[in-house]
>>> print(open('work01.cif').read())   # mmCIF, C-alpha atoms
data_model
loop_
_atom_site.label_atom_id
_atom_site.label_comp_id
_atom_site.auth_asym_id
_atom_site.auth_seq_id
_atom_site.Cartn_x
_atom_site.Cartn_y
_atom_site.Cartn_z
CA ARG A 1376 -8.51 23.39 -14.19
CA ARG A 1377 -6.79 24.09 -10.89
CA VAL A 1378 -9.15 25.06 -8.10
CA ALA A 1379 -7.69 27.32 -5.44
CA PRO A 1380 -7.53 25.90 -1.91
CA PRO A 1381 -10.49 27.02 0.19
CA HIS A 1382 -8.23 28.53 2.86
CA THR A 1383 -5.19 30.75 2.96
CA PRO A 1384 -2.16 28.67 4.05
CA ARG A 1385 -1.00 29.20 7.61
CA HIS A 1386 2.42 27.87 8.39
CA SER A 1387 2.53 28.45 12.13
CA ALA A 1388 2.14 25.24 14.13
CA THR A 1389 0.48 27.22 16.88
CA MET A 1390 -2.42 28.01 14.55
CA ALA A 1391 -2.91 24.40 13.44
CA SER A 1392 -5.95 23.89 15.65
CA GLU A 1393 -7.67 26.83 13.93
CA ASP A 1394 -6.99 25.89 10.31
CA GLU A 1395 -5.06 22.81 9.25
CA SER A 1396 -6.09 22.77 5.58
CA ALA A 1397 -2.70 24.09 4.46
CA LEU A 1398 -0.85 21.42 6.45
CA LEU A 1399 -2.64 18.40 5.01
CA PRO A 1400 -1.77 15.72 4.36
CA HIS A 1401 1.97 15.72 5.18
CA LYS A 1402 2.87 18.68 7.49
CA LEU A 1403 0.66 18.12 10.53
CA PRO A 1404 2.37 18.70 13.89
CA SER A 1405 -0.27 16.64 15.73
CA LEU A 1406 -3.79 15.24 15.45
CA ARG A 1407 -5.28 17.75 17.91
CA GLY A 1408 -7.25 19.45 15.15
CA LEU A 1409 -9.02 16.24 14.08
CA LYS A 1410 -12.71 15.95 14.97
CA VAL A 1411 -13.44 12.22 14.75
CA ASP A 1412 -16.74 11.47 13.07
CA ARG A 1413 -16.53 7.69 13.12
CA VAL A 1414 -14.24 4.79 14.04
CA LEU A 1415 -13.91 2.78 10.85
CA ASN A 1416 -11.82 0.00 12.36
CA ASP A 1417 -10.98 -0.65 16.01
CA GLY A 1418 -7.85 -2.59 15.06
CA LYS A 1419 -8.63 -5.66 17.16
CA GLU A 1420 -8.23 -7.99 14.19
CA SER A 1421 -6.10 -6.00 11.75
CA GLY A 1422 -3.83 -4.19 14.22
CA VAL A 1423 -4.64 -0.93 12.44
CA VAL A 1424 -7.05 1.62 13.93
CA ALA A 1425 -8.80 3.68 11.25
CA LEU A 1426 -10.62 6.93 11.99
CA LEU A 1427 -12.82 9.08 9.77
CA GLY A 1428 -12.87 12.73 10.70
CA THR A 1429 -12.54 16.35 9.72
CA PHE A 1430 -9.53 18.56 10.42
CA ALA A 1431 -9.97 22.13 11.60
CA GLY A 1432 -10.59 24.49 8.71
CA CYS A 1433 -11.46 21.70 6.25
CA SER A 1434 -14.79 21.11 4.58
CA THR A 1435 -14.11 17.49 3.60
CA GLN A 1436 -13.16 14.43 5.60
CA ALA A 1437 -9.93 12.48 5.94
CA VAL A 1438 -9.08 8.92 6.92
CA VAL A 1439 -6.41 8.54 9.62
CA LYS A 1440 -4.74 5.16 10.21
CA LEU A 1441 -2.88 4.34 13.43
CA SER A 1442 -0.68 1.28 13.94
CA ARG A 1443 2.23 0.16 16.09
CA PRO A 1444 5.42 -0.54 14.12
CA PRO A 1445 7.51 -3.59 15.06
CA ILE A 1446 9.95 -3.06 17.92
CA PRO A 1447 13.46 -2.67 16.43
CA VAL A 1448 15.92 -5.20 17.90
CA GLY A 1449 19.01 -4.41 15.83
CA ASP A 1450 20.69 -2.95 18.96
CA PRO A 1451 19.07 -4.71 21.96
CA ASP A 1452 21.16 -2.81 24.51
CA ALA A 1453 20.03 0.53 23.08
CA LEU A 1454 16.47 -0.80 23.10
CA SER A 1455 16.58 -1.64 26.80
CA ARG A 1456 17.99 1.81 27.61
CA ALA A 1457 15.17 3.46 25.65
CA ILE A 1458 12.35 1.92 27.70
CA SER A 1459 10.97 3.54 30.86
CA LEU A 1460 8.62 1.61 33.14
CA SER A 1461 5.61 2.23 35.37
CA GLU A 1462 3.70 -0.28 37.45
CA ARG A 1463 0.87 -2.07 35.64
CA ALA A 1464 -0.26 -4.35 38.48
CA PRO A 1465 0.72 -4.84 42.16
CA TRP A 1466 3.44 -7.38 42.86
CA SER A 1467 1.97 -10.76 43.72
CA GLY A 1468 4.92 -11.87 45.80
CA MET A 1469 6.01 -14.31 43.09
CA GLU A 1470 8.57 -14.06 40.30
CA TYR A 1471 6.48 -11.85 38.01
CA GLY A 1472 6.67 -8.10 37.67
CA TYR A 1473 4.06 -6.28 35.53
CA TYR A 1474 4.77 -2.90 33.91
CA HIS A 1475 3.63 -0.44 31.32
CA GLY A 1476 6.56 0.40 29.04
CA ALA A 1477 7.13 3.69 27.23
CA LEU A 1478 9.62 3.72 24.34
CA ASP A 1479 11.74 6.84 23.86
CA PRO A 1480 10.44 8.41 20.61
CA LEU A 1481 14.01 9.36 19.71
CA PHE A 1482 14.81 5.63 19.55
CA ALA A 1483 11.72 4.44 17.70
CA PRO A 1484 8.24 5.80 16.91
CA GLY A 1485 5.43 4.72 19.19
CA LEU A 1486 2.85 4.88 16.39
CA SER A 1487 2.79 4.94 12.62
CA VAL A 1488 0.20 7.47 11.41
CA ASP A 1489 -1.12 7.64 7.84
CA VAL A 1490 -3.34 10.56 6.80
CA LEU A 1491 -5.41 10.05 3.63
CA TYR A 1492 -6.88 13.35 2.48
CA PRO A 1493 -8.12 13.52 -1.14
CA GLY A 1494 -9.30 17.07 -0.44
CA CYS A 1495 -5.74 18.29 -1.11
CA LEU A 1496 -5.92 17.21 -4.77
CA TYR A 1497 -6.97 20.59 -6.12
CA ASP A 1498 -6.33 19.58 -9.75
CA GLU A 1499 -9.10 16.97 -9.48
CA SER A 1500 -12.82 17.65 -9.66
CA GLU A 1501 -14.94 17.56 -6.53
CA GLU A 1502 -16.56 14.37 -7.83
CA ALA A 1503 -13.17 12.71 -8.29
CA ARG A 1504 -12.07 13.67 -4.77
CA GLU A 1505 -15.31 12.26 -3.35
CA LYS A 1506 -14.73 8.97 -5.17
CA LEU A 1507 -11.21 8.71 -3.75
CA LEU A 1508 -12.48 9.39 -0.23
CA LYS A 1509 -15.18 6.72 -0.59
CA LYS A 1510 -12.54 4.25 -1.76
CA HIS A 1511 -10.32 4.93 1.25
CA ILE A 1512 -13.28 4.70 3.62
CA SER A 1513 -14.33 1.36 2.13
CA ARG A 1514 -10.83 -0.12 2.24
CA ASN A 1515 -10.22 0.93 5.83
CA THR A 1516 -13.61 0.03 7.28
CA ALA A 1517 -13.82 -3.20 9.26
CA GLN A 1518 -15.75 -5.56 7.03
CA ALA A 1519 -15.99 -9.22 6.21
CA PRO A 1520 -13.76 -10.35 3.34
CA VAL A 1521 -15.33 -12.01 0.31
CA ALA A 1522 -13.89 -14.04 -2.55
CA PHE A 1523 -15.17 -13.88 -6.12
CA ARG A 1524 -14.31 -16.04 -9.11
CA GLU A 1525 -13.84 -13.51 -11.89
CA THR A 1526 -14.56 -14.91 -15.35
CA VAL A 1527 -13.56 -13.05 -18.50
CA GLU A 1528 -17.17 -11.91 -18.85
CA ALA A 1529 -17.22 -10.59 -15.28
CA TYR A 1530 -13.93 -8.78 -15.88
CA GLU A 1531 -15.16 -7.07 -19.03
CA SER A 1532 -18.65 -6.27 -17.73
CA ALA A 1533 -17.90 -5.24 -14.13
CA HIS A 1534 -14.19 -4.81 -13.51
CA VAL A 1535 -13.23 -2.79 -16.61
CA PRO A 1536 -15.97 -0.15 -15.99
CA TYR A 1537 -14.77 0.02 -12.37
CA ILE A 1538 -11.19 0.72 -13.55
CA ARG A 1539 -12.34 3.36 -16.03
CA ALA A 1540 -14.28 5.16 -13.28
CA ILE A 1541 -11.17 5.61 -11.10
CA PRO A 1542 -10.02 9.27 -11.12
CA GLU A 1543 -6.75 9.87 -12.93
CA GLY A 1544 -5.34 11.53 -9.83
CA ALA A 1545 -5.59 8.26 -7.91
CA ILE A 1546 -2.19 7.20 -9.27
CA GLY A 1547 -0.64 10.63 -9.62
CA TRP A 1548 1.71 9.74 -6.77
CA VAL A 1549 3.03 6.78 -8.83
CA TYR A 1550 4.01 9.04 -11.72
CA LYS A 1551 5.80 11.42 -9.34
CA ILE A 1552 7.85 8.52 -7.95
CA LEU A 1553 8.70 7.30 -11.46
CA ALA A 1554 9.74 10.83 -12.43
CA LEU A 1555 12.00 10.93 -9.34
CA GLU A 1556 10.04 13.86 -7.94
CA LYS A 1557 9.04 12.02 -4.75
CA GLU A 1558 10.46 9.37 -2.38
CA THR A 1559 13.96 9.50 -3.87
CA GLU A 1560 15.36 8.68 -0.44
CA ARG A 1561 13.72 5.24 -0.77
CA LEU A 1562 15.17 4.54 -4.21
CA LEU A 1563 17.10 1.27 -4.60
CA PHE A 1564 17.16 0.90 -8.38
CA ASN A 1565 15.83 2.62 -11.49
CA ASP A 1566 15.93 1.63 -15.15
CA PRO A 1567 13.87 4.25 -17.02
CA THR A 1568 13.71 2.19 -20.24
CA GLU A 1569 10.15 2.63 -21.46
CA ASP A 1570 9.32 -0.95 -22.48
CA ALA A 1571 11.14 -3.08 -19.91
CA GLY A 1572 12.34 -0.64 -17.24
CA PHE A 1573 11.19 -0.44 -13.65
CA LEU A 1574 11.92 1.35 -10.40
CA LEU A 1575 12.50 -0.39 -7.05
CA ASN A 1576 11.80 1.40 -3.75
CA THR A 1577 11.55 0.39 -0.14
CA ASP A 1578 7.86 0.28 0.77
CA PRO A 1579 6.56 2.53 3.60
CA LYS A 1580 5.13 -0.65 5.17
CA TRP A 1581 8.72 -1.58 6.03
CA THR A 1582 8.67 0.56 9.15
CA THR A 1583 11.79 -0.95 10.79
CA HIS A 1584 14.08 -0.06 7.88
CA PRO A 1585 17.16 1.93 8.99
CA ASP A 1586 16.72 5.67 8.52
CA HIS A 1587 17.23 6.30 4.80
CA ASN A 1588 18.81 9.71 5.38
CA THR A 1589 21.09 9.09 8.35
CA THR A 1590 22.13 5.43 8.15
CA PRO A 1591 24.92 4.68 5.62
CA LYS A 1592 23.72 2.27 2.93
CA ALA A 1593 26.59 -0.10 3.72
CA MET A 1594 24.99 -0.70 7.13
CA TRP A 1595 21.73 -1.87 5.54
CA ASN A 1596 23.37 -5.12 4.48
CA GLY A 1597 22.63 -7.78 7.08
CA HIS A 1598 20.62 -5.37 9.24
CA ALA A 1599 18.24 -7.08 11.68
CA SER A 1600 15.28 -5.32 10.04
CA THR A 1601 15.67 -7.37 6.84
CA ARG A 1602 13.35 -9.87 8.50
CA ASP A 1603 10.61 -7.30 7.78
CA LEU A 1604 11.80 -6.54 4.24
CA TYR A 1605 9.12 -5.05 2.01
CA CYS A 1606 9.96 -3.38 -1.30
CA LEU A 1607 7.85 -2.19 -4.22
CA GLY A 1608 8.64 -2.36 -7.92
CA LEU A 1609 6.87 0.02 -10.33
CA CYS A 1610 7.06 -0.53 -14.08
CA HIS A 1611 7.68 2.52 -16.29
CA ARG A 1612 5.07 1.44 -18.83
CA LYS A 1613 1.75 3.19 -18.38
CA ASP A 1614 -0.34 0.79 -20.44
CA VAL A 1615 -0.26 -2.14 -18.00
CA LYS A 1616 -2.78 -1.75 -15.20
CA SER A 1617 -3.01 -5.26 -13.77
CA LEU A 1618 -2.35 -8.96 -14.23
CA ARG A 1619 -5.08 -9.09 -16.88
CA ASP A 1620 -3.06 -6.88 -19.27
CA LEU A 1621 0.09 -9.01 -19.30
CA ARG A 1622 1.13 -10.67 -22.60
CA ARG A 1623 4.27 -12.17 -24.13
CA GLU A 1624 5.56 -8.71 -25.08
CA HIS A 1625 5.83 -7.91 -21.38
CA LEU A 1626 8.10 -10.86 -20.55
CA PRO A 1627 11.37 -8.83 -20.73
CA MET A 1628 9.91 -6.40 -18.18
CA LEU A 1629 8.61 -9.18 -15.94
CA ARG A 1630 11.90 -11.08 -16.04
CA ALA A 1631 13.81 -7.90 -15.19
CA MET A 1632 11.49 -7.21 -12.24
CA ALA A 1633 11.99 -10.78 -11.00
CA GLU A 1634 15.73 -11.19 -11.60
CA THR A 1635 17.10 -7.66 -11.20
CA GLY A 1636 14.80 -6.99 -8.24
CA ARG A 1637 16.18 -10.03 -6.41
CA ARG A 1638 19.76 -9.09 -7.31
CA VAL A 1639 19.39 -5.54 -5.98
CA ILE A 1640 17.87 -6.84 -2.73
CA ARG A 1641 20.64 -9.44 -2.39
CA GLU A 1642 23.39 -6.86 -2.95
CA THR A 1643 21.79 -4.16 -0.79
CA TYR A 1644 20.51 -6.20 2.14
CA GLY A 1645 22.38 -9.52 1.95
CA LEU A 1646 19.12 -11.43 1.64
CA GLU A 1647 19.42 -14.52 -0.55
CA ASP A 1648 16.85 -15.34 -3.22
CA HIS A 1649 15.36 -18.21 -1.20
CA SER A 1650 14.38 -15.69 1.51
CA VAL A 1651 12.57 -13.31 -0.86
CA ARG A 1652 8.97 -13.64 -2.05
CA VAL A 1653 8.11 -11.78 -5.29
CA PHE A 1654 4.43 -11.46 -6.15
CA VAL A 1655 1.61 -9.34 -7.54
CA HIS A 1656 -1.90 -8.76 -6.23
CA TYR A 1657 -5.16 -9.27 -8.07
CA PRO A 1658 -7.18 -7.18 -7.83
CA PRO A 1659 -4.38 -4.68 -7.19
CA GLN A 1660 -4.63 -1.86 -4.68
CA PHE A 1661 -3.88 0.64 -7.46
CA TYR A 1662 -4.05 0.21 -11.23
CA HIS A 1663 -0.51 0.72 -12.41
CA PHE A 1664 1.37 -2.57 -12.68
CA HIS A 1665 3.60 -3.15 -9.68
CA VAL A 1666 5.37 -5.99 -7.91
CA HIS A 1667 5.80 -6.69 -4.20
CA TYR A 1668 9.08 -8.01 -2.73
CA THR A 1669 9.00 -9.30 0.85
CA ASN A 1670 10.97 -11.49 3.16
CA VAL A 1671 9.33 -14.93 3.13
CA ALA A 1672 8.74 -14.41 6.87
CA VAL A 1673 6.41 -11.45 6.15
CA ASP A 1674 2.74 -12.49 5.95
CA ILE A 1675 1.22 -9.19 4.78
CA GLY A 1676 -0.97 -9.51 1.68
CA VAL A 1677 -0.11 -13.10 0.78
CA GLN A 1678 -3.55 -14.71 1.05
CA ALA A 1679 -4.11 -17.43 -1.54
CA GLU A 1680 -6.91 -15.45 -3.22
CA ARG A 1681 -4.81 -12.27 -3.53
CA ALA A 1682 -1.16 -13.06 -4.27
CA HIS A 1683 0.26 -14.45 -7.53
CA LEU A 1684 3.95 -15.36 -7.51
CA LEU A 1685 5.76 -13.51 -10.28
CA ASP A 1686 7.70 -16.62 -11.36
CA ASP A 1687 4.39 -18.43 -11.87
CA VAL A 1688 3.00 -15.46 -13.82
CA ILE A 1689 6.03 -15.53 -16.13
CA ASP A 1690 5.70 -19.29 -16.58
CA ASN A 1691 2.00 -19.01 -17.50
CA ILE A 1692 2.65 -16.31 -20.12
CA GLU A 1693 5.59 -18.22 -21.61
CA ARG A 1694 3.22 -21.14 -22.26
CA ASP A 1695 0.34 -18.97 -23.49
CA SER A 1696 0.58 -15.26 -24.21
CA GLU A 1697 -3.18 -14.89 -23.72
CA HIS A 1698 -3.33 -16.80 -20.43
CA TYR A 1699 -4.50 -13.89 -18.28
CA ALA A 1700 -6.87 -12.67 -20.98
CA LYS A 1701 -8.68 -16.02 -20.99
CA CYS A 1702 -8.49 -17.52 -17.50
CA ALA A 1703 -10.80 -17.06 -14.53
CA ILE A 1704 -9.11 -15.49 -11.49
CA THR A 1705 -10.27 -15.62 -7.89
CA GLY A 1706 -10.02 -12.29 -6.08
CA ARG A 1707 -10.48 -11.09 -2.52
CA MET A 1708 -12.05 -7.83 -1.36
CA GLY A 1709 -14.22 -6.39 1.40
CA GLU A 1710 -17.98 -6.83 1.39
CA SER A 1711 -18.40 -3.02 1.18
CA ASP A 1712 -15.94 -2.60 -1.69
CA GLU A 1713 -17.27 -0.86 -4.80
CA LEU A 1714 -15.84 -3.61 -7.01
CA TRP A 1715 -17.76 -6.24 -5.05
CA ARG A 1716 -20.96 -4.18 -5.51
CA ARG A 1717 -20.35 -4.11 -9.26
CA TYR A 1718 -19.73 -7.85 -9.36
CA ARG A 1719 -23.00 -8.53 -7.52
CA GLU A 1720 -24.91 -6.14 -9.77
CA TRP A 1721 -23.49 -7.77 -12.90
CA ARG A 1722 -24.32 -11.27 -11.61
CA ALA A 1723 -27.88 -10.26 -10.69
CA ASN A 1724 -28.46 -8.78 -14.17
CA ARG A 1725 -26.98 -11.86 -15.82
CA ASP A 1726 -29.13 -14.22 -13.78
CA ALA A 1727 -32.25 -12.12 -14.41
CA GLY A 1728 -31.59 -12.20 -18.15
CA SER A 1729 -31.22 -15.96 -18.20
CA ALA A 1730 -34.33 -16.59 -16.08
#
>>> encode(input="work01.cif", output="structure tokens")
Amino acid sequence: RRVAPPHTPRHSATMASEDESALLPHKLPSLRGLKVDRVLNDGKESGVVALLGTFAGCSTQAVVKLSRPPIPVGDPDALSRAISLSERAPWSGMEYGYYHGALDPLFAPGLSVDVLYPGCLYDESEEAREKLLKKHISRNTAQAPVAFRETVEAYESAHVPYIRAIPEGAIGWVYKILALEKETERLLFNDPTEDAGFLLNTDPKWTTHPDHNTTPKAMWNGHASTRDLYCLGLCHRKDVKSLRDLRREHLPMLRAMAETGRRVIRETYGLEDHSVRVFVHYPPQFYHFHVHYTNVAVDIGVQAERAHLLDDVIDNIERDSEHYAKCAITGRMGESDELWRRYREWRANRDAGSA
């Protein structure tokens, strides 16, 4: 049942500081209306500052992430013209000059800002929205990472209940992308075949990508930003949530995601196969099967206890269809993650029962 928004939409930017509920999460003119309740992450280690706060006119909180995108060097002369300088330290009389530099926002953004606001999901229950907010808070809070060896028993007793508790709306954005209702400007390839089809998009994490709307696609090939290449493949099947669900019947889909994905990247960006890493995460960030494609030079999300190369996944299933149903898998998460809490609870109950 759809619940009406708690406030009447106001479209004037001048009124944003009074009530920004109608502008969230994607039409904010600024962050002036955000009252910060807590700094979740200072960014010193991750490079991403995460804030928890409440926007004017809203009754629930939002997570705001701030990061600096890579400096684009595709046109170094234009880059130098776009930088203005001010003194950072007095001249020492030697060969060094120290400045603060400001980059013209028309040339490149100074900050990337992500606003995560489950309160806008009016089709979801209040309980579901609260769960989504807690998940975002946990994932963006500075915390020590932990690794856990997940046996089949741990998966069935702790991980499966965790997956079932995730609100359906948590992957609503995935279905909108697959239906070509959202992010069509990022679309690189789409095969809507139900069993083996997939969609390939550029990932928002690829912040140096040429403007999708204004830069001709022919100019993407060989662009300097391909060093930061990051694309995302989404399967059209809705019955595969993670690595654990993969069987021999999924091999045509997996091979297509590996081979066609590489071909599209090669033809679109001029990046050869040996420069592209294709992998999946376990546990995944969201539970609809997806594949990551990055330049081998990109180090995001490739820790040994997170990333599984897709070619290796295919090889394992070719040898044994039930491989991922039977094997133990090491996973990485934060110490405050709900999944880690469930693992610890399951282990404590198991140990108490065997005592």
>>> closest_residue(input="work01.cif", among="A:Arg1637, A:Arg1717, A:Lys1580, A:His1625", to="A:Ile1675", atoms="all atoms listed in the file")
A:Lys1580
>>> residues_around(input="work01.cif", residues="A:Asp1578", least_positions_apart="6", cutoff="10 Å", atoms="all atoms listed in the file", output="short mmCIF file (atom, residue, chain, number, x, y, z; two decimals) with C-alpha atoms, in the coordinates of the input")
data_model
loop_
_atom_site.label_atom_id
_atom_site.label_comp_id
_atom_site.auth_asym_id
_atom_site.auth_seq_id
_atom_site.Cartn_x
_atom_site.Cartn_y
_atom_site.Cartn_z
CA GLU A 1558 10.46 9.37 -2.38
CA ARG A 1561 13.72 5.24 -0.77
CA LEU A 1562 15.17 4.54 -4.21
CA HIS A 1584 14.08 -0.06 7.88
CA LEU A 1604 11.80 -6.54 4.24
CA TYR A 1605 9.12 -5.05 2.01
CA CYS A 1606 9.96 -3.38 -1.30
CA LEU A 1607 7.85 -2.19 -4.22
CA GLY A 1608 8.64 -2.36 -7.92
CA HIS A 1667 5.80 -6.69 -4.20
CA TYR A 1668 9.08 -8.01 -2.73
CA THR A 1669 9.00 -9.30 0.85
#
>>> resolve_selection(input="work01.cif", expression="the PyMOL selection byres ((chain A and resi 1522) around 10)", output="PDB file with C-alpha atoms, keeping the file's coordinate frame")
ATOM      1  CA  PRO A1520     -13.760 -10.350   3.340  1.00  0.00           C
ATOM      2  CA  VAL A1521     -15.330 -12.010   0.310  1.00  0.00           C
ATOM      3  CA  PHE A1523     -15.170 -13.880  -6.120  1.00  0.00           C
ATOM      4  CA  ARG A1524     -14.310 -16.040  -9.110  1.00  0.00           C
ATOM      5  CA  GLU A1525     -13.840 -13.510 -11.890  1.00  0.00           C
ATOM      6  CA  GLU A1680      -6.910 -15.450  -3.220  1.00  0.00           C
ATOM      7  CA  ARG A1681      -4.810 -12.270  -3.530  1.00  0.00           C
ATOM      8  CA  THR A1705     -10.270 -15.620  -7.890  1.00  0.00           C
ATOM      9  CA  GLY A1706     -10.020 -12.290  -6.080  1.00  0.00           C
ATOM     10  CA  ARG A1707     -10.480 -11.090  -2.520  1.00  0.00           C
ATOM     11  CA  MET A1708     -12.050  -7.830  -1.360  1.00  0.00           C
ATOM     12  CA  GLY A1709     -14.220  -6.390   1.400  1.00  0.00           C
ATOM     13  CA  GLU A1710     -17.980  -6.830   1.390  1.00  0.00           C
ATOM     14  CA  TRP A1715     -17.760  -6.240  -5.050  1.00  0.00           C
TER      15      TRP A1715
END
>>> atom_distance(input="work01.cif", atom1="atom CA of A:Arg1612", atom2="atom CA of A:Pro1536")
21.3 Å
>>> atom_distance(input="work01.cif", atom1="atom CA of A:Tyr1718", atom2="atom CA of A:Ala1545")
21.5 Å
>>> atom_distance(input="work01.cif", atom1="atom CA of A:Arg1413", atom2="atom CA of A:Val1438")
9.8 Å
>>> residues_around(input="work01.cif", residues="A:Val1439", least_positions_apart="2", cutoff="7 Å", atoms="all atoms listed in the file", output="count of residues only")
9
>>> closest_atom_pairs(input="work01.cif", of="stretch 1546-1639 of chain A", to="stretch 1444-1448 of chain A", cutoff="8 Å", atoms="all atoms listed in the file", output="tab-separated table")
residue	atom	partner	partner_atom	distance
A:Thr1582	CA	A:Pro1444	CA	6.0
A:Thr1583	CA	A:Pro1447	CA	6.1
A:Ala1599	CA	A:Val1448	CA	6.9
A:Ser1600	CA	A:Pro1447	CA	7.2
>>> write_last_selection(input="work01.cif", atoms="C-alpha atoms", output="JSON list (two decimals), in the coordinates of the input")
[["chain", "number", "residue", "atom", "x", "y", "z"],
["A", 1582, "THR", "CA", 8.67, 0.56, 9.15],
["A", 1583, "THR", "CA", 11.79, -0.95, 10.79],
["A", 1599, "ALA", "CA", 18.24, -7.08, 11.68],
["A", 1600, "SER", "CA", 15.28, -5.32, 10.04]]
>>> resolve_selection(input="work01.cif", expression="the PyMOL selection byres ((chain A and resi 1443) around 6)", output="list in words")
Ser1442, Pro1444, Leu1486 and Ser1487 of chain A
>>> residues_around(input="work01.cif", residues="A:Thr1435", least_positions_apart="4", cutoff="10 Å", atoms="all atoms listed in the file", output="list in words")
Ser1396, Gly1428, Thr1429, Phe1430, Tyr1492, Pro1493, Gly1494, Cys1495, Arg1504, Glu1505 and Leu1508 of chain A
>>> residues_around(input="work01.cif", residues="A:Ala1457", least_positions_apart="2", cutoff="8 Å", atoms="only C-alpha atoms", output="list in words")
Ala1453, Leu1454, Ser1455, Ser1459, Leu1478, Asp1479 and Phe1482 of chain A
>>> write_last_selection(input="work01.cif", atoms="C-alpha atoms", output="CSV table (one decimal), keeping the file's coordinate frame")
chain,number,residue,atom,x,y,z
A,1453,ALA,CA,20.0,0.5,23.1
A,1454,LEU,CA,16.5,-0.8,23.1
A,1455,SER,CA,16.6,-1.6,26.8
A,1459,SER,CA,11.0,3.5,30.9
A,1478,LEU,CA,9.6,3.7,24.3
A,1479,ASP,CA,11.7,6.8,23.9
A,1482,PHE,CA,14.8,5.6,19.6
>>> residues_around(input="work01.cif", residues="stretch 1641-1658 of chain A", least_positions_apart="3", cutoff="6 Å", atoms="only C-alpha atoms", output="list in words")
Trp1595, Asn1596, Gly1597, Arg1638, Val1666, His1667, Tyr1668, Thr1669, Asn1670, Val1671, Arg1681, Ala1682, His1683, Leu1684 and Leu1685 of chain A
>>> closest_residue(input="work01.cif", among="A:Ala1517, A:Ala1483, A:Cys1702, A:Leu1496", to="A:Leu1399", atoms="all atoms listed in the file")
A:Leu1496
>>> residues_near_point(input="work01.cif", point="(15.1, 3.2, -12.2)", cutoff="12 Å", atoms="all atoms listed in the file", output="list in words")
Ile1552, Leu1553, Ala1554, Leu1555, Thr1559, Arg1561, Leu1562, Leu1563, Phe1564, Asn1565, Asp1566, Pro1567, Thr1568, Glu1569, Ala1571, Gly1572, Phe1573, Leu1574, Leu1575, Asn1576, Gly1608, Leu1609, Cys1610, His1611, Ala1631, Met1632, Thr1635, Gly1636 and Val1639 of chain A
>>> write_last_selection(input="work01.cif", atoms="C-alpha atoms", output="PDB file, keeping the file's coordinate frame")
ATOM      1  CA  ILE A1552       7.850   8.520  -7.950  1.00  0.00           C
ATOM      2  CA  LEU A1553       8.700   7.300 -11.460  1.00  0.00           C
ATOM      3  CA  ALA A1554       9.740  10.830 -12.430  1.00  0.00           C
ATOM      4  CA  LEU A1555      12.000  10.930  -9.340  1.00  0.00           C
ATOM      5  CA  THR A1559      13.960   9.500  -3.870  1.00  0.00           C
ATOM      6  CA  ARG A1561      13.720   5.240  -0.770  1.00  0.00           C
ATOM      7  CA  LEU A1562      15.170   4.540  -4.210  1.00  0.00           C
ATOM      8  CA  LEU A1563      17.100   1.270  -4.600  1.00  0.00           C
ATOM      9  CA  PHE A1564      17.160   0.900  -8.380  1.00  0.00           C
ATOM     10  CA  ASN A1565      15.830   2.620 -11.490  1.00  0.00           C
ATOM     11  CA  ASP A1566      15.930   1.630 -15.150  1.00  0.00           C
ATOM     12  CA  PRO A1567      13.870   4.250 -17.020  1.00  0.00           C
ATOM     13  CA  THR A1568      13.710   2.190 -20.240  1.00  0.00           C
ATOM     14  CA  GLU A1569      10.150   2.630 -21.460  1.00  0.00           C
ATOM     15  CA  ALA A1571      11.140  -3.080 -19.910  1.00  0.00           C
ATOM     16  CA  GLY A1572      12.340  -0.640 -17.240  1.00  0.00           C
ATOM     17  CA  PHE A1573      11.190  -0.440 -13.650  1.00  0.00           C
ATOM     18  CA  LEU A1574      11.920   1.350 -10.400  1.00  0.00           C
ATOM     19  CA  LEU A1575      12.500  -0.390  -7.050  1.00  0.00           C
ATOM     20  CA  ASN A1576      11.800   1.400  -3.750  1.00  0.00           C
ATOM     21  CA  GLY A1608       8.640  -2.360  -7.920  1.00  0.00           C
ATOM     22  CA  LEU A1609       6.870   0.020 -10.330  1.00  0.00           C
ATOM     23  CA  CYS A1610       7.060  -0.530 -14.080  1.00  0.00           C
ATOM     24  CA  HIS A1611       7.680   2.520 -16.290  1.00  0.00           C
ATOM     25  CA  ALA A1631      13.810  -7.900 -15.190  1.00  0.00           C
ATOM     26  CA  MET A1632      11.490  -7.210 -12.240  1.00  0.00           C
ATOM     27  CA  THR A1635      17.100  -7.660 -11.200  1.00  0.00           C
ATOM     28  CA  GLY A1636      14.800  -6.990  -8.240  1.00  0.00           C
ATOM     29  CA  VAL A1639      19.390  -5.540  -5.980  1.00  0.00           C
TER      30      VAL A1639
END
>>> resolve_selection(input="work01.cif", expression="the PyMOL selection byres ((chain A and resi 1533) around 12)", output="list in words")
Glu1525, Thr1526, Val1527, Glu1528, Ala1529, Tyr1530, Glu1531, Ser1532, His1534, Val1535, Pro1536, Tyr1537, Ile1538, Arg1539, Ala1540, Glu1713, Leu1714, Trp1715, Arg1716, Arg1717, Tyr1718, Arg1719, Glu1720, Trp1721, Arg1722, Ala1723, Asn1724 and Arg1725 of chain A
